[in-house]
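S.K.: Below is a structure I'd like to ask you about.
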Amino acid sequence: MSDQPPVLVIAVGNPSRGDDALGPELAARLEAAALPGVEVITEFQLQVENALDLVGRERVVFVDAGTGTPAPFDLHRAGPAAEFLHTSHAISPEAVLATYEKITGSAAPESWVLCVRGESFELGDALTPAAAGHLEAAWLRLREICALEPAT
Amino acid sequence: MSAFPLETAARPEGLRRVVIEPVSRVEGHGKVTLLMDEDDHVQQARLHIVEFRAFEKFIQGRPYWEVPVMVQRLCGICPVSHHLAACKALDQVVGATTLTPTAEKLRRLMHYGQILQSHALHFFHLSSPDLLFGFGSDMARRNIVGVAAAHPEIAKQGVLLRKYGQEVIRHTAGKRIHGTGAVPGGVNKSLTAAERDELKKDVYQMVAWSRDAVRLVRRLFEQDLDTYRNFGTFEARTLSLVRADGAMDLYHGGLRAQHADGTTIFDHVNYDHYWEQISEEVKAWSYMKFPYLKALGSEDGWYRVGPLTRVTRSDFIPTPLADRERREFLAFDDGLAARSTLGFHWARMIEMLHSAEAIKDLLHDDDLLGSDLMAGGERQARGVGVIEAPRGTLIHHYRVDENDQVARANLIVSTTHNNHAMNIAIREVAKKYLNGHKLTEGLLNHIEVAVRAFDPCLSCATHAMGKMPLAVELVDAEGTVVDSLVRGSA
Amino acid sequence: MTDGTRRKLKVATTSLAGCFGCHMSLLDIDERLFALLDRIEFDRSPLTDIKHCGPCDIGIIEGGICNAENVHVLREFRANCKILVAMGACAVTGGLPAQRNHLDLGQCLQEVYLTDPGVTNGMIPNDPELPLPLDKVHPLHEVVKVDYFIPGCPPSGDAIWKFLTDLIEGRTPKLGHGLIHYD
């Protein structure tokens, strides 16, 4: 039995890079909402050590901004895939899950990727109006998925 | 037969070998060997740098923007020196002949932060046990733990001075150790007002404590003048950067080399072609090379770098409290303190004070909060960056090819310049304190005290590897390449 | 945390083929050093003048293995320390110095000391006082058994503090989010 909050939301993004702030913005809202049983982590990039954050969880939601991805957002189940590139500078949610399975020897928790569409990612810019709209839509869905009934 | 007395014993067979290994309370790995005759006289004394790494070589082929992040891992005490020297060199490669005001000030802030913490560490954590308890004092308490027990206020100030310098680095570089704040062409982060205000809170305390540290060293000189004046002391030529107006400037300047008596060898020389001024010699018994001024040759061209040189051979220090301390240091004991090896400690604390003042001034400059961080221009194939690191003049030199990969790297690090000087200092101490005596642990520590005065960074000194692939082309009368040979490419 | 009747734990530290960054990170515990000194005393360490490691409770090593002398020191630590800790990327994986492993060492020595254009009297240092470099740089666990690994380049002062206080208090060391990282 774990003493960790059962739901983990990992938001990824650089708040200084225009619409890359979508992930951190959603994380900030979620933290302010203080939903029971939900823990929020914010990272600039995913790294191998994030696999350790998944231990003891029942559901994990990776939140990130996407470019050229469906608007306002795309939500899908994620499974482990050992797709390690030439650099470990940043890895995918799927690679985090594969790392988890490799080091714990057990199946990864139920995992989702919420990819919110961004338009522009320039250093120093604020969120574009379009991205701000996508943010609102994604926020509603994120709250739903944090509630620990079987997700649809 | 060596030109340096006590470097090589005339008849080593039959001599007794004594080794100090490792040299403690310094950064990195070194050992001292002594050959003693049956009258307990030293016939040979050598400081060996025993490690050998490969940075310059394995950097070849990497994208050039990785270099500032990689090379700082030469050293965990002064990573910022290598980080900034690499960026200064690569500034030339990306054509950033002038940085934005915000970028240069942030880099300077980072640099003064590291001078502050490095000098605090060296004085309080590493050297003060010898100076406060005595060079031959009880080994069990001759360390920072002993200082904390006997002089808790001094130990606390040392820890907090270092902490402050590390916090300055964290805010400018992103991490206290091995950060990423400087990039070719500028910096990638400015300070927020909140960060600036947080640093401003304690800076006046740091200035005050730094000045107290200078005064502490002065009292140590006063209490044992004869020892401090003579210990490991010798005449040395000097090398450092100075600003165009002759001021001490630890971030940038031209090369100044002087004879021991202060007369000029060369002055305000652009460091872009440093190899025209400096060559290096190899000796069989150390992995660290022996640089010397080409114009004077390998026997008479060795020189000393670092705080003692910078403080005494600049025309003035551009912050007022440090400059006043500098003048008092130069006058003390009819100028003999400024020529003594233990004078390094006094000069080092003056530099720590200067850094605290410079940080204070920068924290009052709103340019630190600016958003204009990067500069660029016409791409060059080669860049040289020179900076005054805590331990002395640091040279980085890179060649970058059209694929953005490093084709060549050459580093001459601060401690390497002091190789001859450190060896001479230990020989002076050996002659004066060890000759004719049965060797005790305390006497052997005297040798280490001489090495410690230089604050050597022996990890930096063992970077050396790898040079440019040598390419030779045979061209005919029309300039067509007829044949070519490349040696040494990886 | 202080208890006058408990003996202080003996801690030895060293940097092998490391850059001293992990030792500097240990000092990044700042004033917590004074609290730590209530519970531990240093044996061999860059901070003390003890040249050889005696019997100790905890040995902390940064840096990998790059020459013969490193191997001797590592074995001395393993033989004398009840718990041996590999601290930092170099001790754990070989780290940045291990980037030389794909190079030919002999060729490198020649290039540095013989054919370097800045060198005036080429010779490869070969005095017996100099430890022989190893063909490859190795992490610690390839030579001795290691009890704990703290990743990071360097691990933060907070991570080292958490690790040490867990160990000293008799808990299994556990580094949570933000303390365990590889960069």
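By order in the structure tokens, chains are A, B, ...; within a chain, residues start at 1; ligands start at 1, following the order shown.
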Using only C-alpha atoms, find each residue of chain C with at least one atom at most 7 Å away from an atom of chain B; report its shortest atom-to-atom pair and that distance in Å (one decimal), sort the rows by chain and rising residue number, and return the result as JSON lines.
M.R.:
{"residue": "C:Cys19", "atom": "CA", "partner": "B:Cys75", "partner_atom": "CA", "distance": 4.5}
{"residue": "C:Phe20", "atom": "CA", "partner": "B:Gly76", "partner_atom": "CA", "distance": 4.8}
{"residue": "C:Gly21", "atom": "CA", "partner": "B:Gly76", "partner_atom": "CA", "distance": 3.4}
{"residue": "C:Met24", "atom": "CA", "partner": "B:Gly76", "partner_atom": "CA", "distance": 6.5}
{"residue": "C:Asp30", "atom": "CA", "partner": "B:Val159", "partner_atom": "CA", "distance": 5.9}
{"residue": "C:Glu31", "atom": "CA", "partner": "B:Val159", "partner_atom": "CA", "distance": 6.5}
{"residue": "C:Pro46", "atom": "CA", "partner": "B:Arg25", "partner_atom": "CA", "distance": 5.3}
{"residue": "C:Leu47", "atom": "CA", "partner": "B:Arg25", "partner_atom": "CA", "distance": 5.2}
{"residue": "C:Thr48", "atom": "CA", "partner": "B:Asn143", "partner_atom": "CA", "distance": 5.4}
{"residue": "C:Asp49", "atom": "CA", "partner": "B:Ser24", "partner_atom": "CA", "distance": 5.6}
{"residue": "C:Lys51", "atom": "CA", "partner": "B:Pro22", "partner_atom": "CA", "distance": 6.4}
{"residue": "C:Pro97", "atom": "CA", "partner": "B:Arg53", "partner_atom": "CA", "distance": 6.7}
{"residue": "C:Gln99", "atom": "CA", "partner": "B:Phe58", "partner_atom": "CA", "distance": 6.1}
{"residue": "C:Arg100", "atom": "CA", "partner": "B:Phe58", "partner_atom": "CA", "distance": 5.9}
{"residue": "C:Cys108", "atom": "CA", "partner": "B:Gly466", "partner_atom": "CA", "distance": 5.8}
{"residue": "C:Glu111", "atom": "CA", "partner": "B:Gly466", "partner_atom": "CA", "distance": 5.5}
{"residue": "C:Val112", "atom": "CA", "partner": "B:Met465", "partner_atom": "CA", "distance": 5.1}
{"residue": "C:Tyr113", "atom": "CA", "partner": "B:Val282", "partner_atom": "CA", "distance": 6.9}
{"residue": "C:Asp116", "atom": "CA", "partner": "B:Lys467", "partner_atom": "CA", "distance": 6.0}
{"residue": "C:Gly118", "atom": "CA", "partner": "B:Ser279", "partner_atom": "CA", "distance": 5.4}
{"residue": "C:Val119", "atom": "CA", "partner": "B:Glu280", "partner_atom": "CA", "distance": 4.9}
{"residue": "C:Thr120", "atom": "CA", "partner": "B:Glu281", "partner_atom": "CA", "distance": 5.7}
{"residue": "C:Asn121", "atom": "CA", "partner": "B:Glu281", "partner_atom": "CA", "distance": 5.9}
{"residue": "C:Gly122", "atom": "CA", "partner": "B:Val282", "partner_atom": "CA", "distance": 6.4}
{"residue": "C:Met123", "atom": "CA", "partner": "B:Val282", "partner_atom": "CA", "distance": 6.5}
{"residue": "C:Ile124", "atom": "CA", "partner": "B:Ala284", "partner_atom": "CA", "distance": 6.6}
{"residue": "C:Pro125", "atom": "CA", "partner": "B:Ala284", "partner_atom": "CA", "distance": 3.9}
{"residue": "C:Asn126", "atom": "CA", "partner": "B:Ala284", "partner_atom": "CA", "distance": 5.5}
{"residue": "C:Asp127", "atom": "CA", "partner": "B:Trp285", "partner_atom": "CA", "distance": 4.8}
{"residue": "C:Glu129", "atom": "CA", "partner": "B:Trp285", "partner_atom": "CA", "distance": 6.9}
{"residue": "C:Leu130", "atom": "CA", "partner": "B:Val50", "partner_atom": "CA", "distance": 5.4}
{"residue": "C:Pro131", "atom": "CA", "partner": "B:Val50", "partner_atom": "CA", "distance": 6.4}
S.K.: Those residues with N, CA and C atoms, as a compact mmCIF listing (two decimals), in the first residue's frame please?
M.R.:
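Okay, this is what ended up in part-v9.txt:
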# COMPACT_ATOMS: atom_id res chain seq x y z
N CYS C 19 36.45 15.72 -10.25
CA CYS C 19 36.81 17.13 -10.39
C CYS C 19 36.68 17.88 -9.07
N PHE C 20 36.33 17.21 -7.99
CA PHE C 20 36.09 17.80 -6.68
C PHE C 20 34.73 18.47 -6.58
N GLY C 21 33.94 18.43 -7.64
CA GLY C 21 32.63 19.06 -7.59
C GLY C 21 31.72 18.41 -6.57
N MET C 24 32.66 19.69 -3.27
CA MET C 24 32.16 21.05 -3.12
C MET C 24 30.66 21.02 -2.86
N ASP C 30 26.43 24.00 3.60
CA ASP C 30 26.64 25.30 4.26
C ASP C 30 26.69 25.15 5.78
N GLU C 31 25.89 25.92 6.49
CA GLU C 31 26.00 25.90 7.97
C GLU C 31 25.61 24.56 8.56
N PRO C 46 40.09 15.10 1.79
CA PRO C 46 40.83 16.28 1.32
C PRO C 46 40.83 17.41 2.35
N LEU C 47 39.92 17.37 3.30
CA LEU C 47 39.83 18.43 4.31
C LEU C 47 40.74 18.19 5.50
N THR C 48 41.29 16.98 5.62
CA THR C 48 42.18 16.69 6.76
C THR C 48 43.55 16.29 6.25
N ASP C 49 44.48 16.09 7.19
CA ASP C 49 45.84 15.70 6.80
C ASP C 49 46.10 14.22 7.04
N LYS C 51 46.58 10.77 5.80
CA LYS C 51 46.93 10.39 4.43
C LYS C 51 46.41 9.02 4.03
N PRO C 97 35.17 12.00 -17.61
CA PRO C 97 36.50 11.48 -17.96
C PRO C 97 36.45 10.18 -18.75
N GLN C 99 34.84 9.67 -21.24
CA GLN C 99 34.75 9.99 -22.66
C GLN C 99 36.06 9.69 -23.38
N ARG C 100 37.14 9.50 -22.61
CA ARG C 100 38.39 9.18 -23.29
C ARG C 100 38.49 7.70 -23.64
N CYS C 108 47.20 9.31 -27.57
CA CYS C 108 46.96 10.57 -26.88
C CYS C 108 48.21 11.07 -26.18
N GLU C 111 50.43 12.64 -28.65
CA GLU C 111 49.98 13.93 -29.16
C GLU C 111 50.16 15.03 -28.14
N VAL C 112 49.96 14.73 -26.88
CA VAL C 112 50.06 15.77 -25.86
C VAL C 112 51.51 16.14 -25.58
N TYR C 113 52.36 15.13 -25.46
CA TYR C 113 53.70 15.39 -24.95
C TYR C 113 54.79 15.36 -26.00
N ASP C 116 52.69 18.02 -29.81
CA ASP C 116 51.98 19.27 -29.57
C ASP C 116 52.84 20.44 -30.05
N GLY C 118 52.87 23.46 -29.24
CA GLY C 118 53.28 24.40 -28.20
C GLY C 118 54.38 23.89 -27.30
N VAL C 119 54.76 22.63 -27.47
CA VAL C 119 55.77 22.00 -26.59
C VAL C 119 57.12 22.03 -27.28
N THR C 120 58.14 22.40 -26.52
CA THR C 120 59.45 22.60 -27.14
C THR C 120 60.39 21.41 -27.00
N ASN C 121 60.12 20.51 -26.11
CA ASN C 121 61.09 19.42 -25.87
C ASN C 121 60.35 18.11 -25.66
N GLY C 122 59.63 17.66 -26.66
CA GLY C 122 58.72 16.55 -26.47
C GLY C 122 59.33 15.32 -25.81
N MET C 123 58.65 14.83 -24.77
CA MET C 123 58.96 13.53 -24.16
C MET C 123 57.72 13.10 -23.39
N ILE C 124 57.49 11.83 -23.33
CA ILE C 124 56.33 11.36 -22.56
C ILE C 124 56.78 11.12 -21.13
N PRO C 125 56.11 11.77 -20.15
CA PRO C 125 56.50 11.58 -18.75
C PRO C 125 56.47 10.10 -18.39
N ASN C 126 57.58 9.62 -17.78
CA ASN C 126 57.66 8.20 -17.50
C ASN C 126 58.37 7.91 -16.18
N ASP C 127 58.45 8.94 -15.33
CA ASP C 127 59.11 8.72 -14.04
C ASP C 127 58.34 7.69 -13.23
N GLU C 129 57.62 7.69 -10.29
CA GLU C 129 56.73 8.30 -9.30
C GLU C 129 55.32 8.52 -9.86
N LEU C 130 55.17 8.50 -11.17
CA LEU C 130 53.87 8.76 -11.77
C LEU C 130 53.08 7.47 -11.90
N PRO C 131 51.86 7.44 -11.34
CA PRO C 131 51.05 6.23 -11.46
C PRO C 131 50.71 5.97 -12.92
S.K.: Just list as a PDB file with N, CA and C atoms, in the first residue's frame whatever in region 352-405 of chain B DSSP marks as strand (DSSP E or B).
M.R.:
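Result written to out02.pdb:
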ATOM      1  N   MET B 374      21.791  38.458 -25.964  1.00  0.00           N
ATOM      2  CA  MET B 374      22.655  37.779 -26.931  1.00  0.00           C
ATOM      3  C   MET B 374      23.205  38.746 -27.961  1.00  0.00           C
ATOM      4  N   ARG B 382      38.059  30.377 -35.410  1.00  0.00           N
ATOM      5  CA  ARG B 382      38.873  30.158 -34.215  1.00  0.00           C
ATOM      6  C   ARG B 382      38.524  31.174 -33.155  1.00  0.00           C
ATOM      7  N   GLY B 383      38.637  30.798 -31.899  1.00  0.00           N
ATOM      8  CA  GLY B 383      38.427  31.738 -30.809  1.00  0.00           C
ATOM      9  C   GLY B 383      39.368  31.469 -29.661  1.00  0.00           C
ATOM     10  N   VAL B 384      39.824  32.539 -29.023  1.00  0.00           N
ATOM     11  CA  VAL B 384      40.647  32.435 -27.819  1.00  0.00           C
ATOM     12  C   VAL B 384      39.956  33.212 -26.713  1.00  0.00           C
ATOM     13  N   GLY B 385      39.841  32.613 -25.548  1.00  0.00           N
ATOM     14  CA  GLY B 385      39.253  33.289 -24.393  1.00  0.00           C
ATOM     15  C   GLY B 385      40.203  33.199 -23.229  1.00  0.00           C
ATOM     16  N   VAL B 386      40.531  34.342 -22.631  1.00  0.00           N
ATOM     17  CA  VAL B 386      41.427  34.351 -21.468  1.00  0.00           C
ATOM     18  C   VAL B 386      40.723  35.088 -20.346  1.00  0.00           C
ATOM     19  N   ILE B 387      40.836  34.557 -19.152  1.00  0.00           N
ATOM     20  CA  ILE B 387      40.187  35.147 -17.986  1.00  0.00           C
ATOM     21  C   ILE B 387      41.115  34.956 -16.800  1.00  0.00           C
ATOM     22  N   GLU B 388      40.985  35.804 -15.776  1.00  0.00           N
ATOM     23  CA  GLU B 388      41.738  35.574 -14.547  1.00  0.00           C
ATOM     24  C   GLU B 388      40.858  34.738 -13.614  1.00  0.00           C
ATOM     25  N   ALA B 389      41.160  33.467 -13.566  1.00  0.00           N
ATOM     26  CA  ALA B 389      40.454  32.557 -12.675  1.00  0.00           C
ATOM     27  C   ALA B 389      40.954  32.791 -11.247  1.00  0.00           C
ATOM     28  N   GLY B 392      44.647  32.114 -11.244  1.00  0.00           N
ATOM     29  CA  GLY B 392      45.562  32.724 -12.187  1.00  0.00           C
ATOM     30  C   GLY B 392      45.001  32.746 -13.591  1.00  0.00           C
ATOM     31  N   THR B 393      45.864  33.126 -14.530  1.00  0.00           N
ATOM     32  CA  THR B 393      45.475  33.340 -15.915  1.00  0.00           C
ATOM     33  C   THR B 393      45.067  32.017 -16.560  1.00  0.00           C
ATOM     34  N   LEU B 394      43.890  32.007 -17.139  1.00  0.00           N
ATOM     35  CA  LEU B 394      43.342  30.793 -17.741  1.00  0.00           C
ATOM     36  C   LEU B 394      43.124  31.029 -19.220  1.00  0.00           C
ATOM     37  N   ILE B 395      43.642  30.121 -20.051  1.00  0.00           N
ATOM     38  CA  ILE B 395      43.592  30.290 -21.506  1.00  0.00           C
ATOM     39  C   ILE B 395      42.809  29.144 -22.129  1.00  0.00           C
ATOM     40  N   HIS B 396      41.779  29.488 -22.903  1.00  0.00           N
ATOM     41  CA  HIS B 396      41.025  28.515 -23.698  1.00  0.00           C
ATOM     42  C   HIS B 396      41.128  28.898 -25.158  1.00  0.00           C
ATOM     43  N   HIS B 397      41.294  27.901 -26.000  1.00  0.00           N
ATOM     44  CA  HIS B 397      41.519  28.162 -27.422  1.00  0.00           C
ATOM     45  C   HIS B 397      40.803  27.056 -28.189  1.00  0.00           C
ATOM     46  N   TYR B 398      39.901  27.431 -29.100  1.00  0.00           N
ATOM     47  CA  TYR B 398      39.143  26.431 -29.864  1.00  0.00           C
ATOM     48  C   TYR B 398      39.148  26.765 -31.336  1.00  0.00           C
ATOM     49  N   ARG B 399      39.138  25.720 -32.123  1.00  0.00           N
ATOM     50  CA  ARG B 399      38.898  25.869 -33.558  1.00  0.00           C
ATOM     51  C   ARG B 399      37.632  25.077 -33.863  1.00  0.00           C
ATOM     52  N   VAL B 400      36.693  25.705 -34.609  1.00  0.00           N
ATOM     53  CA  VAL B 400      35.389  25.094 -34.898  1.00  0.00           C
ATOM     54  C   VAL B 400      35.229  24.987 -36.400  1.00  0.00           C
ATOM     55  N   GLN B 405      31.379  21.630 -35.372  1.00  0.00           N
ATOM     56  CA  GLN B 405      32.065  20.731 -34.461  1.00  0.00           C
ATOM     57  C   GLN B 405      33.421  21.290 -34.077  1.00  0.00           C
TER      58      GLN B 405
END
S.K.: Expressed in Å to a single decimal, how great is the separation between CA of Asp367 (chain B) and CA of Thr102 (chain B)?
M.R.: 5.1 Å
S.K.: At a cut-off of 8 Å, using only C-alpha atoms, what residues contact His134 (chain A)? Leave out same-chain residues fewer than 6 positions from it and give the result as a list in words.
M.R.: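 Within the cut-off, the hits are Ala71, Pro72, Phe73, Val116 and Arg117 of chain A.
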S.K.: Kindly save the residues from that selection, with N, CA and C atoms included, as a tab-separated table (two decimals), in the first residue's frame.
M.R.:
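So out.tsv came out as:
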chain	number	residue	atom	x	y	z
A	71	ALA	N	-6.25	20.30	-32.23
A	71	ALA	CA	-6.75	21.38	-31.38
A	71	ALA	C	-8.11	20.99	-30.84
A	72	PRO	N	-8.52	21.43	-29.65
A	72	PRO	CA	-7.67	22.15	-28.71
A	72	PRO	C	-6.64	21.26	-27.99
A	73	PHE	N	-6.91	19.95	-27.95
A	73	PHE	CA	-5.96	19.06	-27.30
A	73	PHE	C	-6.18	17.65	-27.79
A	116	VAL	N	-1.69	19.54	-25.40
A	116	VAL	CA	-2.46	20.74	-25.70
A	116	VAL	C	-1.79	21.47	-26.86
A	117	ARG	N	-2.57	21.85	-27.85
A	117	ARG	CA	-1.94	22.44	-29.04
A	117	ARG	C	-1.45	23.85	-28.76
S.K.: Just to confirm, what's the straight-line distance from CA of Pro63 (chain B) to CA of His82 (chain B) in Å (one decimal)?
M.R.: 16.8 Å
S.K.: Would you give me, as a tab-separated table, each residue of chain A having an atom within 9 Å of an atom of chain C, along with its shortest atom pair and that distance in Å to one decimal, using only C-alpha atoms and sorting by chain and residue number?
M.R.:
residue	atom	partner	partner_atom	distance
A:Ile41	CA	C:His177	CA	8.9
A:Gln47	CA	C:His181	CA	8.2
A:Val48	CA	C:Tyr182	CA	8.1
A:Glu49	CA	C:His181	CA	5.9
A:Asn50	CA	C:His177	CA	7.9
A:Leu52	CA	C:His177	CA	7.8
A:Asp53	CA	C:His177	CA	6.6
S.K.: Please write the residues from the selection above to a file, keeping C-alpha atoms, as a PDB file, in the first residue's frame.
M.R.:
ATOM      1  CA  ILE A  41       5.028  17.902 -10.631  1.00  0.00           C
ATOM      2  CA  GLN A  47      14.283  12.740 -17.517  1.00  0.00           C
ATOM      3  CA  VAL A  48      14.946   9.113 -16.573  1.00  0.00           C
ATOM      4  CA  GLU A  49      14.603   9.896 -12.887  1.00  0.00           C
ATOM      5  CA  ASN A  50      10.938  10.821 -13.390  1.00  0.00           C
ATOM      6  CA  LEU A  52      10.789   7.051  -9.794  1.00  0.00           C
ATOM      7  CA  ASP A  53       7.948   9.555  -9.404  1.00  0.00           C
TER       8      ASP A  53
END
S.K.: I'd like the neighbourhood of Gly94 (chain C) as a compact mmCIF listing (two decimals) with N, CA and C atoms, in the first residue's frame, where a residue qualifies if any of its atoms comes within 6 Å (using only C-alpha atoms), though same-chain residues fewer than 2 positions away should be ignored.
M.R.:
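Done, and the output landed in around_16.txt:
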# COMPACT_ATOMS: atom_id res chain seq x y z
N GLY C 64 35.89 8.46 -10.83
CA GLY C 64 36.07 7.08 -11.27
C GLY C 64 37.52 6.66 -11.12
N CYS C 90 30.77 10.41 -11.97
CA CYS C 90 32.04 9.75 -12.29
C CYS C 90 32.21 8.46 -11.51
N ALA C 91 31.86 8.48 -10.24
CA ALA C 91 31.98 7.27 -9.43
C ALA C 91 30.95 6.22 -9.85
N ALA C 98 35.39 9.42 -18.63
CA ALA C 98 35.28 8.17 -19.37
C ALA C 98 35.07 8.41 -20.86
N HIS C 138 37.14 3.62 -15.37
CA HIS C 138 36.10 2.71 -14.86
C HIS C 138 35.32 3.34 -13.73
N PRO C 139 34.01 2.99 -13.60
CA PRO C 139 33.27 3.36 -12.39
C PRO C 139 33.72 2.45 -11.23
S.K.: Can you pull out every residue from region 16-173 of chain C that DSSP, working from the backbone, puts in alpha helix (DSSP H), and format the result as number ranges by chain?
M.R.: C: 21-27, 32-36, 68-80, 89-93, 105-113, 157-168
S.K.: Got a sec: who's within 8 Å of Lys8 (chain C), counting only C-alpha atoms, leaving out chain neighbours fewer than 4 positions off, as a PyMOL selection string?
M.R.: chain C and resi 38-41
S.K.: Could you save the residues just selected, with N, CA and C atoms, as an mmCIF file, in the first residue's frame?
M.R.:
data_model
loop_
_atom_site.group_PDB
_atom_site.id
_atom_site.type_symbol
_atom_site.label_atom_id
_atom_site.label_comp_id
_atom_site.auth_asym_id
_atom_site.auth_seq_id
_atom_site.Cartn_x
_atom_site.Cartn_y
_atom_site.Cartn_z
ATOM 1 N N ASP C 38 28.692 17.456 14.722
ATOM 2 C CA ASP C 38 28.292 16.919 16.032
ATOM 3 C C ASP C 38 28.150 15.407 15.979
ATOM 4 N N ARG C 39 27.926 14.878 14.797
ATOM 5 C CA ARG C 39 27.611 13.461 14.665
ATOM 6 C C ARG C 39 28.726 12.658 13.997
ATOM 7 N N ILE C 40 29.584 13.319 13.228
ATOM 8 C CA ILE C 40 30.632 12.589 12.521
ATOM 9 C C ILE C 40 31.975 13.232 12.748
ATOM 10 N N GLU C 41 33.020 12.448 12.528
ATOM 11 C CA GLU C 41 34.352 13.026 12.431
ATOM 12 C C GLU C 41 34.986 12.505 11.148
#
S.K.: Compute the set of chain A residues within 12 Å of chain B, using only C-alpha atoms, and express it as a VMD selection string.
M.R.: chain A and resid 16 123 to 125
S.K.: By how many Å are CA of Lys174 (chain C) and CA of Thr42 (chain A) apart?
M.R.: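 Taking CA of Lys174 (chain C) as the start and CA of Thr42 (chain A) as the end point, the length is 20.9 Å.
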